[in-house]
file entry.cif (mmCIF, C-alpha atoms)
data_model
#
loop_
_atom_site.label_atom_id
_atom_site.label_comp_id
_atom_site.auth_asym_id
_atom_site.auth_seq_id
_atom_site.Cartn_x
_atom_site.Cartn_y
_atom_site.Cartn_z
CA MET G 1 0.00 0.00 0.00
CA SER G 2 1.62 3.25 -1.10
CA VAL G 3 1.54 6.21 1.28
CA PRO G 4 1.34 9.69 -0.27
CA LYS G 5 3.63 12.50 0.84
CA THR G 6 0.76 14.76 1.93
CA MET G 7 -2.69 14.20 3.40
CA LYS G 8 -5.84 15.96 4.51
CA ALA G 9 -5.81 16.72 8.26
CA LEU G 10 -7.50 18.85 10.89
CA VAL G 11 -4.75 20.69 12.78
CA SER G 12 -4.85 22.68 16.03
CA TYR G 13 -2.28 25.46 16.03
CA GLY G 14 -3.25 26.82 19.46
CA LYS G 15 -6.20 27.62 21.71
CA GLY G 16 -9.31 27.70 19.53
CA GLU G 17 -7.22 27.81 16.35
CA TYR G 18 -8.23 24.74 14.32
CA ARG G 19 -7.72 24.57 10.55
CA LEU G 20 -8.38 21.98 7.88
CA GLU G 21 -5.18 21.40 5.90
CA GLU G 22 -5.42 19.87 2.44
CA ASN G 23 -1.70 19.08 2.04
CA TYR G 24 -0.34 18.36 5.51
CA PRO G 25 2.83 16.20 5.63
CA THR G 26 2.01 12.52 5.93
CA PRO G 27 3.86 10.83 8.81
CA THR G 28 6.95 8.92 7.76
CA CYS G 29 7.54 5.34 8.84
CA GLY G 30 10.66 4.74 10.90
CA PRO G 31 12.07 1.30 11.74
CA ASP G 32 9.89 1.01 14.88
CA ASP G 33 6.75 2.66 13.50
CA VAL G 34 3.41 1.57 12.06
CA ILE G 35 1.48 3.85 9.70
CA ILE G 36 -2.26 3.35 9.35
CA LYS G 37 -4.73 4.74 6.85
CA THR G 38 -7.57 5.99 9.03
CA GLU G 39 -11.03 4.51 8.51
CA ALA G 40 -12.92 6.49 11.14
CA CYS G 41 -12.38 8.65 14.21
CA GLY G 42 -14.90 9.36 16.95
CA ILE G 43 -15.25 12.81 18.50
CA CYS G 44 -14.83 12.67 22.28
CA ALA G 45 -16.04 15.16 24.87
CA GLY G 46 -12.34 15.68 25.55
CA ASP G 47 -11.83 16.85 21.96
CA LEU G 48 -14.64 19.37 22.40
CA LYS G 49 -13.35 20.63 25.74
CA CYS G 50 -9.83 20.97 24.37
CA LYS G 51 -11.12 23.04 21.47
CA GLY G 52 -13.08 25.02 24.07
CA GLU G 53 -9.77 25.85 25.78
CA ALA G 54 -10.45 23.99 29.04
CA ALA G 55 -7.71 24.38 31.64
CA MET G 56 -7.54 20.60 32.00
CA PHE G 57 -5.81 20.57 28.62
CA TRP G 58 -4.15 23.95 28.22
CA GLY G 59 -3.11 24.43 31.85
CA ASP G 60 -3.65 27.13 34.45
CA ASP G 61 -1.99 28.44 37.62
CA VAL G 62 -2.23 25.00 39.24
CA GLN G 63 -1.76 22.44 36.47
CA PRO G 64 0.62 22.62 33.49
CA SER G 65 -0.51 22.20 29.90
CA TRP G 66 -0.03 18.80 28.34
CA VAL G 67 -1.43 19.95 25.00
CA LYS G 68 1.44 20.55 22.57
CA PRO G 69 0.42 22.21 19.30
CA PRO G 70 0.48 21.99 16.42
CA PHE G 71 -1.35 18.68 16.75
CA ILE G 72 -3.98 16.65 14.97
CA PRO G 73 -6.90 15.83 17.32
CA GLY G 74 -8.73 12.54 17.74
CA HIS G 75 -7.95 9.49 19.86
CA GLU G 76 -10.94 7.22 19.14
CA PHE G 77 -9.74 5.89 15.79
CA TYR G 78 -8.74 2.78 13.88
CA GLY G 79 -7.54 1.97 10.40
CA ILE G 80 -5.70 -0.26 7.97
CA VAL G 81 -1.95 -0.73 8.26
CA ALA G 82 -0.30 1.04 5.31
CA ALA G 83 3.37 0.74 6.27
CA VAL G 84 5.44 -1.09 8.89
CA GLY G 85 8.97 -0.49 10.10
CA GLU G 86 11.66 -3.12 9.71
CA ASN G 87 11.69 -3.86 13.46
CA ILE G 88 7.93 -4.44 13.72
CA LYS G 89 6.66 -7.95 14.35
CA GLY G 90 3.09 -9.24 14.59
CA VAL G 91 1.58 -6.47 12.45
CA ALA G 92 1.43 -6.56 8.66
CA ILE G 93 0.30 -4.28 5.86
CA GLY G 94 -3.44 -4.72 5.39
CA ASP G 95 -4.20 -5.53 9.03
CA ARG G 96 -7.03 -3.58 10.61
CA VAL G 97 -5.80 -2.16 13.92
CA THR G 98 -6.32 0.28 16.75
CA ALA G 99 -4.19 1.19 19.77
CA ASP G 100 -4.43 2.37 23.38
CA GLN G 101 -4.62 6.15 23.60
CA ILE G 102 -1.35 6.32 25.50
CA ALA G 103 1.90 6.33 23.51
CA PRO G 104 4.24 4.95 26.21
CA CYS G 105 7.92 5.82 26.38
CA GLY G 106 8.81 2.27 27.40
CA GLU G 107 11.56 3.48 29.75
CA CYS G 108 10.11 5.27 32.80
CA ARG G 109 9.38 3.58 36.12
CA PHE G 110 5.72 3.15 35.21
CA CYS G 111 6.39 1.59 31.81
CA THR G 112 9.06 -0.79 33.13
CA THR G 113 6.79 -2.03 35.92
CA GLY G 114 3.78 -2.72 33.68
CA LYS G 115 1.88 0.47 34.52
CA TYR G 116 2.33 1.85 31.02
CA TRP G 117 -0.90 3.88 31.04
CA MET G 118 0.62 6.21 33.64
CA CYS G 119 3.83 6.73 31.60
CA GLU G 120 5.66 9.73 33.05
CA PRO G 121 6.30 11.63 29.77
CA HIS G 122 2.69 10.70 28.95
CA GLY G 123 2.47 10.85 25.20
CA ILE G 124 -1.21 10.83 24.21
CA PHE G 125 -2.60 10.47 20.71
CA GLY G 126 -4.63 13.46 19.58
CA PHE G 127 -3.22 16.23 21.77
CA GLN G 128 0.50 16.52 21.01
CA ALA G 129 2.57 17.20 17.91
CA ALA G 130 4.67 14.07 18.49
CA ASN G 131 1.54 11.90 18.75
CA ASN G 132 -0.94 13.14 16.19
CA GLY G 133 -4.44 11.73 16.28
CA GLY G 134 -7.04 10.27 13.98
CA MET G 135 -8.61 13.34 12.39
CA ALA G 136 -6.29 12.84 9.44
CA GLU G 137 -5.98 10.40 6.58
CA TYR G 138 -2.89 8.73 8.08
CA VAL G 139 -1.59 8.22 11.63
CA ARG G 140 1.77 7.02 12.96
CA TYR G 141 1.97 4.55 15.83
CA PRO G 142 5.47 4.97 17.32
CA LYS G 143 7.61 2.43 19.16
CA TYR G 144 5.93 0.92 22.27
CA SER G 145 2.40 1.75 21.04
CA VAL G 146 -0.04 -0.84 22.38
CA ILE G 147 -1.53 -2.06 19.11
CA HIS G 148 -4.50 -4.42 18.79
CA LYS G 149 -6.03 -6.09 15.75
CA VAL G 150 -9.65 -5.29 14.92
CA PRO G 151 -11.85 -7.91 13.23
CA LYS G 152 -12.27 -7.10 9.53
CA ASP G 153 -16.03 -7.65 9.71
CA LEU G 154 -16.66 -5.41 12.73
CA PRO G 155 -18.91 -2.51 11.61
CA MET G 156 -17.68 1.05 11.97
CA GLY G 157 -20.21 1.87 14.70
CA ALA G 158 -18.92 -1.01 16.81
CA ALA G 159 -15.21 -0.56 16.04
CA LEU G 160 -15.33 3.08 17.14
CA MET G 161 -16.49 1.99 20.59
CA ILE G 162 -13.28 0.07 21.33
CA GLU G 163 -11.37 3.01 22.83
CA PRO G 164 -14.19 4.55 24.91
CA TYR G 165 -15.37 1.13 26.09
CA GLY G 166 -11.81 0.31 27.12
CA CYS G 167 -11.83 3.40 29.33
CA ALA G 168 -15.29 2.45 30.61
CA LYS G 169 -14.13 -1.05 31.53
CA HIS G 170 -11.14 0.28 33.47
CA ALA G 171 -13.36 2.64 35.48
CA VAL G 172 -15.81 -0.14 36.33
CA ASP G 173 -12.98 -2.50 37.24
CA ARG G 174 -11.66 0.14 39.66
CA ALA G 175 -15.02 0.00 41.46
CA ASN G 176 -14.57 -3.72 42.22
CA ILE G 177 -18.31 -4.36 41.88
CA GLN G 178 -19.68 -7.27 43.92
CA SER G 179 -22.93 -9.17 43.36
CA ASP G 180 -24.65 -7.53 46.35
CA ASP G 181 -23.68 -3.97 45.40
CA VAL G 182 -26.08 -1.19 44.51
CA VAL G 183 -24.21 0.69 41.79
CA VAL G 184 -24.98 4.20 40.55
CA ILE G 185 -23.48 5.44 37.27
CA ALA G 186 -23.86 9.17 36.67
CA GLY G 187 -24.00 10.00 32.98
CA SER G 188 -25.13 7.93 30.03
CA GLY G 189 -23.16 9.42 27.21
CA THR G 190 -20.69 7.26 25.32
CA LEU G 191 -18.51 6.47 28.34
CA GLY G 192 -21.44 6.04 30.68
CA LEU G 193 -23.19 3.64 28.30
CA GLY G 194 -19.98 1.66 27.97
CA MET G 195 -19.84 1.45 31.76
CA ILE G 196 -23.48 0.40 31.91
CA THR G 197 -23.20 -2.45 29.42
CA TYR G 198 -20.03 -3.74 31.13
CA ALA G 199 -21.31 -3.23 34.70
CA HIS G 200 -24.40 -5.21 33.71
CA MET G 201 -22.06 -8.11 32.91
CA ARG G 202 -20.73 -7.87 36.50
CA ASN G 203 -24.26 -8.62 37.76
CA PRO G 204 -24.67 -6.14 40.63
CA ALA G 205 -27.74 -6.28 42.87
CA LYS G 206 -29.04 -3.04 41.28
CA LEU G 207 -27.65 -0.88 38.51
CA ILE G 208 -28.98 2.68 38.66
CA VAL G 209 -28.23 5.34 36.04
CA LEU G 210 -28.57 9.11 36.32
CA ASP G 211 -28.84 11.52 33.39
CA MET G 212 -30.64 14.74 32.53
CA ILE G 213 -31.54 13.59 29.01
CA GLU G 214 -34.51 11.24 28.74
CA SER G 215 -33.42 9.65 25.46
CA ARG G 216 -30.13 8.66 27.04
CA LEU G 217 -31.92 7.15 30.01
CA GLU G 218 -33.92 5.02 27.57
CA LYS G 219 -30.64 3.88 26.02
CA ALA G 220 -29.31 3.11 29.50
CA LYS G 221 -32.24 0.76 30.12
CA GLU G 222 -31.59 -0.94 26.78
CA PHE G 223 -27.95 -1.44 27.79
CA GLY G 224 -28.73 -3.00 31.17
CA ALA G 225 -29.76 -0.38 33.74
CA ASP G 226 -32.31 -1.64 36.25
CA ILE G 227 -33.47 1.83 37.29
CA VAL G 228 -32.98 5.21 35.61
CA MET G 229 -33.44 8.63 37.20
CA ASN G 230 -33.39 12.21 35.94
CA PRO G 231 -31.84 14.57 38.54
CA GLY G 232 -33.67 17.44 36.89
CA LYS G 233 -37.04 15.86 37.63
CA GLU G 234 -36.65 14.11 40.99
CA ASP G 235 -34.60 14.02 44.16
CA VAL G 236 -32.19 11.26 43.14
CA ILE G 237 -30.35 11.28 46.48
CA ALA G 238 -33.54 10.69 48.44
CA ARG G 239 -34.67 7.97 46.06
CA VAL G 240 -31.37 6.07 46.16
CA LYS G 241 -31.38 6.21 49.95
CA GLU G 242 -34.96 5.00 50.00
CA LEU G 243 -34.01 2.06 47.79
CA THR G 244 -31.14 1.16 50.13
CA GLY G 245 -32.79 1.36 53.52
CA GLY G 246 -31.41 4.83 54.12
CA TYR G 247 -27.77 3.84 53.70
CA GLY G 248 -26.97 4.97 50.16
CA CYS G 249 -25.37 3.22 47.21
CA ASP G 250 -22.30 1.02 47.57
CA VAL G 251 -20.60 2.29 44.41
CA TYR G 252 -20.88 5.61 42.59
CA ILE G 253 -19.14 6.11 39.24
CA ASN G 254 -19.10 9.61 37.76
CA ALA G 255 -18.88 9.85 33.98
CA THR G 256 -20.43 13.29 33.53
CA GLY G 257 -17.67 15.91 33.74
CA TYR G 258 -20.33 17.97 35.54
CA PRO G 259 -19.22 19.42 38.91
CA PRO G 260 -22.58 19.04 40.74
CA ALA G 261 -22.49 15.30 39.99
CA VAL G 262 -19.48 15.01 42.31
CA VAL G 263 -21.43 16.46 45.23
CA THR G 264 -24.41 14.28 44.37
CA GLY G 265 -22.25 11.19 44.46
CA LEU G 266 -20.52 11.98 47.73
CA THR G 267 -23.91 12.67 49.30
CA MET G 268 -25.74 9.55 48.09
CA ILE G 269 -22.96 7.04 48.67
CA ARG G 270 -22.96 5.02 51.91
CA LYS G 271 -20.27 5.04 54.55
CA LEU G 272 -17.23 3.00 53.45
CA GLY G 273 -18.49 3.22 49.88
CA ARG G 274 -16.43 3.34 46.68
CA TYR G 275 -16.46 6.45 44.50
CA VAL G 276 -14.82 6.28 41.06
CA GLU G 277 -14.09 9.44 39.09
CA PHE G 278 -13.75 9.21 35.31
CA SER G 279 -14.52 12.64 33.95
CA VAL G 280 -12.87 15.47 32.09
CA PHE G 281 -14.06 18.66 33.79
CA SER G 282 -14.22 21.97 31.96
CA GLU G 283 -14.30 23.88 35.25
CA ALA G 284 -13.12 23.47 38.82
CA THR G 285 -15.09 21.33 41.26
CA THR G 286 -15.47 22.16 44.94
CA VAL G 287 -16.51 19.63 47.58
CA ASP G 288 -16.46 19.30 51.36
CA TRP G 289 -13.58 16.86 51.87
CA SER G 290 -14.72 16.08 55.40
CA ILE G 291 -17.40 13.89 53.77
CA ILE G 292 -14.64 11.72 52.31
CA GLY G 293 -12.67 11.35 55.50
CA ASP G 294 -14.28 12.15 58.83
CA ARG G 295 -17.91 11.46 57.93
CA LYS G 296 -17.84 8.43 55.63
CA GLU G 297 -14.29 7.06 55.22
CA LEU G 298 -14.76 6.61 51.49
CA ASP G 299 -12.51 4.97 48.94
CA VAL G 300 -12.16 7.66 46.26
CA LEU G 301 -10.59 6.23 43.12
CA GLY G 302 -9.49 7.82 39.89
CA ALA G 303 -9.58 6.03 36.56
CA HIS G 304 -7.36 6.97 33.61
CA LEU G 305 -7.40 5.46 30.14
CA SER G 306 -7.79 1.74 29.43
CA PRO G 307 -4.88 -0.45 30.54
CA TYR G 308 -5.07 -4.08 29.44
CA CYS G 309 -8.74 -3.59 28.48
CA PHE G 310 -8.76 -3.65 24.67
CA PRO G 311 -8.55 -7.44 24.13
CA PHE G 312 -11.60 -8.07 26.34
CA VAL G 313 -13.49 -5.16 24.83
CA ILE G 314 -12.78 -6.17 21.23
CA GLU G 315 -13.83 -9.78 21.89
CA ASN G 316 -17.02 -8.83 23.71
CA ILE G 317 -18.06 -6.11 21.29
CA ALA G 318 -17.60 -8.64 18.49
CA ASN G 319 -19.65 -11.35 20.24
CA GLY G 320 -22.38 -8.93 21.33
CA ASN G 321 -21.90 -9.12 25.09
CA LEU G 322 -21.06 -5.41 25.11
CA LYS G 323 -23.87 -3.55 23.40
CA THR G 324 -23.03 -0.94 20.76
CA SER G 325 -26.24 -0.63 18.74
CA GLY G 326 -27.19 2.95 17.95
CA MET G 327 -24.11 4.49 19.56
CA VAL G 328 -22.77 6.23 16.45
CA THR G 329 -25.67 8.41 15.44
CA LYS G 330 -24.03 10.55 12.73
CA SER G 331 -20.91 10.56 10.60
CA PHE G 332 -19.28 13.31 8.58
CA PRO G 333 -16.36 13.60 6.16
CA LEU G 334 -13.36 15.54 7.45
CA ASP G 335 -14.30 18.50 5.24
CA LYS G 336 -17.34 18.99 7.48
CA TRP G 337 -15.46 18.81 10.78
CA GLU G 338 -17.07 21.99 12.15
CA GLU G 339 -20.54 20.55 11.67
CA ALA G 340 -19.36 17.26 13.16
CA PHE G 341 -18.05 19.03 16.28
CA ASP G 342 -21.33 20.91 16.59
CA TYR G 343 -23.35 17.68 16.54
CA ALA G 344 -20.88 15.95 18.88
CA GLY G 345 -21.81 18.43 21.61
CA GLY G 346 -25.12 16.60 22.00
CA LYS G 347 -27.47 19.51 21.43
CA HIS G 348 -29.11 17.65 18.55
CA GLY G 349 -29.56 14.49 20.61
CA ASP G 350 -26.58 12.55 19.31
CA ILE G 351 -24.53 10.11 21.37
CA LYS G 352 -21.39 9.53 19.30
CA VAL G 353 -20.45 11.41 16.13
CA ALA G 354 -17.79 10.07 13.78
CA ILE G 355 -15.51 11.47 11.13
CA THR G 356 -15.07 8.93 8.35
CA PHE G 357 -12.53 8.65 5.53
#
call {"tool": "encode", "arguments": {"input": "entry.cif", "output": "structure tokens"}}
result
Amino acid sequence: MSVPKTMKALVSYGKGEYRLEENYPTPTCGPDDVIIKTEACGICAGDLKCKGEAAMFWGDDVQPSWVKPPFIPGHEFYGIVAAVGENIKGVAIGDRVTADQIAPCGECRFCTTGKYWMCEPHGIFGFQAANNGGMAEYVRYPKYSVIHKVPKDLPMGAALMIEPYGCAKHAVDRANIQSDDVVVIAGSGTLGLGMITYAHMRNPAKLIVLDMIESRLEKAKEFGADIVMNPGKEDVIARVKELTGGYGCDVYINATGYPPAVVTGLTMIRKLGRYVEFSVFSEATTVDWSIIGDRKELDVLGAHLSPYCFPFVIENIANGNLKTSGMVTKSFPLDKWEEAFDYAGGKHGDIKVAITF
């Protein structure tokens, strides 16, 4: 498969400065690299918040920026191998592949002890010039990329769920759900729905889902939720406590990126409960930390990316155990990226929007 010298790509040159380039340099294939021709790339809430200049990405007085322009956005992507370096084994031209979002260095203390997803230099596809993402015709996977083969017959709408469902699985695994647990998942967007369909496989005593959008609550029920609640229409804290004899839920997983959902979770969870945070916030969140320590002695757990999750996710998406029907609601060519980003914000009722090539 021949690789052209230039390609079409969406490029971020700085805060809010995104431009479609018709003749951007195609990545070259070094001895340890894999080049793929992109088939499709999902638009994540993180992509939208980065374009919206959220401090989480661009930094502020407290946290440094890890966004390094000029970069090509997009981390939910897959494609066909177009070129392989001479040192590459196990991947061949024509294979259909995807990779973990992290681009590990392979040398830091985290990488050398198997915790590659927390790599100290922390190369991430779709936010840094050295690790361009999938909103381009071609993408380079550098040395140490965690590459996985994707079944040739897996439809686009299912294949695009591999990366977000990998993240969803990791978050749910962090919660260590038991069969007698009452589990609350806040948010039923792409990540939340991935958590719901996987948490359902863990067979908790009750799986409760919170969201402000009724159509997403309907999808949550389809994907395995036992009970759905709209915080805009009822007192969800009171109802969860009523369902649990006044104690509160055992597990609360936040997938909203919405600051009030943090307070809701800390309030409705029982003493000695497990709170898992998997959100990208566009603004600061303030909570009373005495709830965590002195009042409830909670286990508060973060979840980042999708370590060791892709093989399970790919197998169970392919066999139907993890539901993906209706997740990708619209797709656009790269030329219409602005319209795609607009729809990806959810104001038209979409769950996942894709850019296809």
call {"tool": "residues_around", "arguments": {"input": "entry.cif", "residues": "G:Pro104", "least_positions_apart": "4", "cutoff": "8 Å", "atoms": "all atoms listed in the file", "output": "list in words"}}
result
Cys111, Tyr116, Trp117, Cys119, Pro121, His122, Gly123, Tyr144 and Ser145 of chain G
call {"tool": "closest_atom_pairs", "arguments": {"input": "entry.cif", "of": "stretch 27-61 of chain G", "to": "stretch 11-20 of chain G", "cutoff": "9 Å", "atoms": "only C-alpha atoms", "output": "CSV"}}
result
residue,atom,partner,partner_atom,distance
G:Cys50,CA,G:Lys15,CA,8.0
G:Lys51,CA,G:Gly16,CA,5.4
G:Gly52,CA,G:Gly16,CA,6.5
G:Glu53,CA,G:Lys15,CA,5.7
G:Trp58,CA,G:Lys15,CA,7.7
call {"tool": "closest_residue", "arguments": {"input": "entry.cif", "among": "G:Asn319, G:Thr324, G:Ser65, G:Thr264", "to": "G:Glu222", "atoms": "all atoms listed in the file"}}
result
G:Thr324
call {"tool": "closest_residue", "arguments": {"input": "entry.cif", "among": "G:Ala129, G:Ala344, G:Ile36, G:Met156", "to": "G:Asp95", "atoms": "all atoms listed in the file"}}
result
G:Ile36
call {"tool": "closest_residue", "arguments": {"input": "entry.cif", "among": "G:Leu193, G:Ala284, G:Met212, G:Ile72", "to": "G:Asn230", "atoms": "only C-alpha atoms"}}
result
G:Met212
call {"tool": "residues_around", "arguments": {"input": "entry.cif", "residues": "G:Asp350", "least_positions_apart": "5", "cutoff": "10 Å", "atoms": "all atoms listed in the file", "output": "list in words"}}
result
Gly189, Thr190, Ser215, Arg216, Gly326, Met327, Val328, Thr329, Lys330, Tyr343, Ala344 and Gly345 of chain G
call {"tool": "residues_near_point", "arguments": {"input": "entry.cif", "point": "(-21.0, 2.2, 18.4)", "cutoff": "10 Å", "atoms": "only C-alpha atoms", "output": "PyMOL selection string"}}
result
chain G and resi 42+155-162+164-165+190+194+317+323-329+351-354
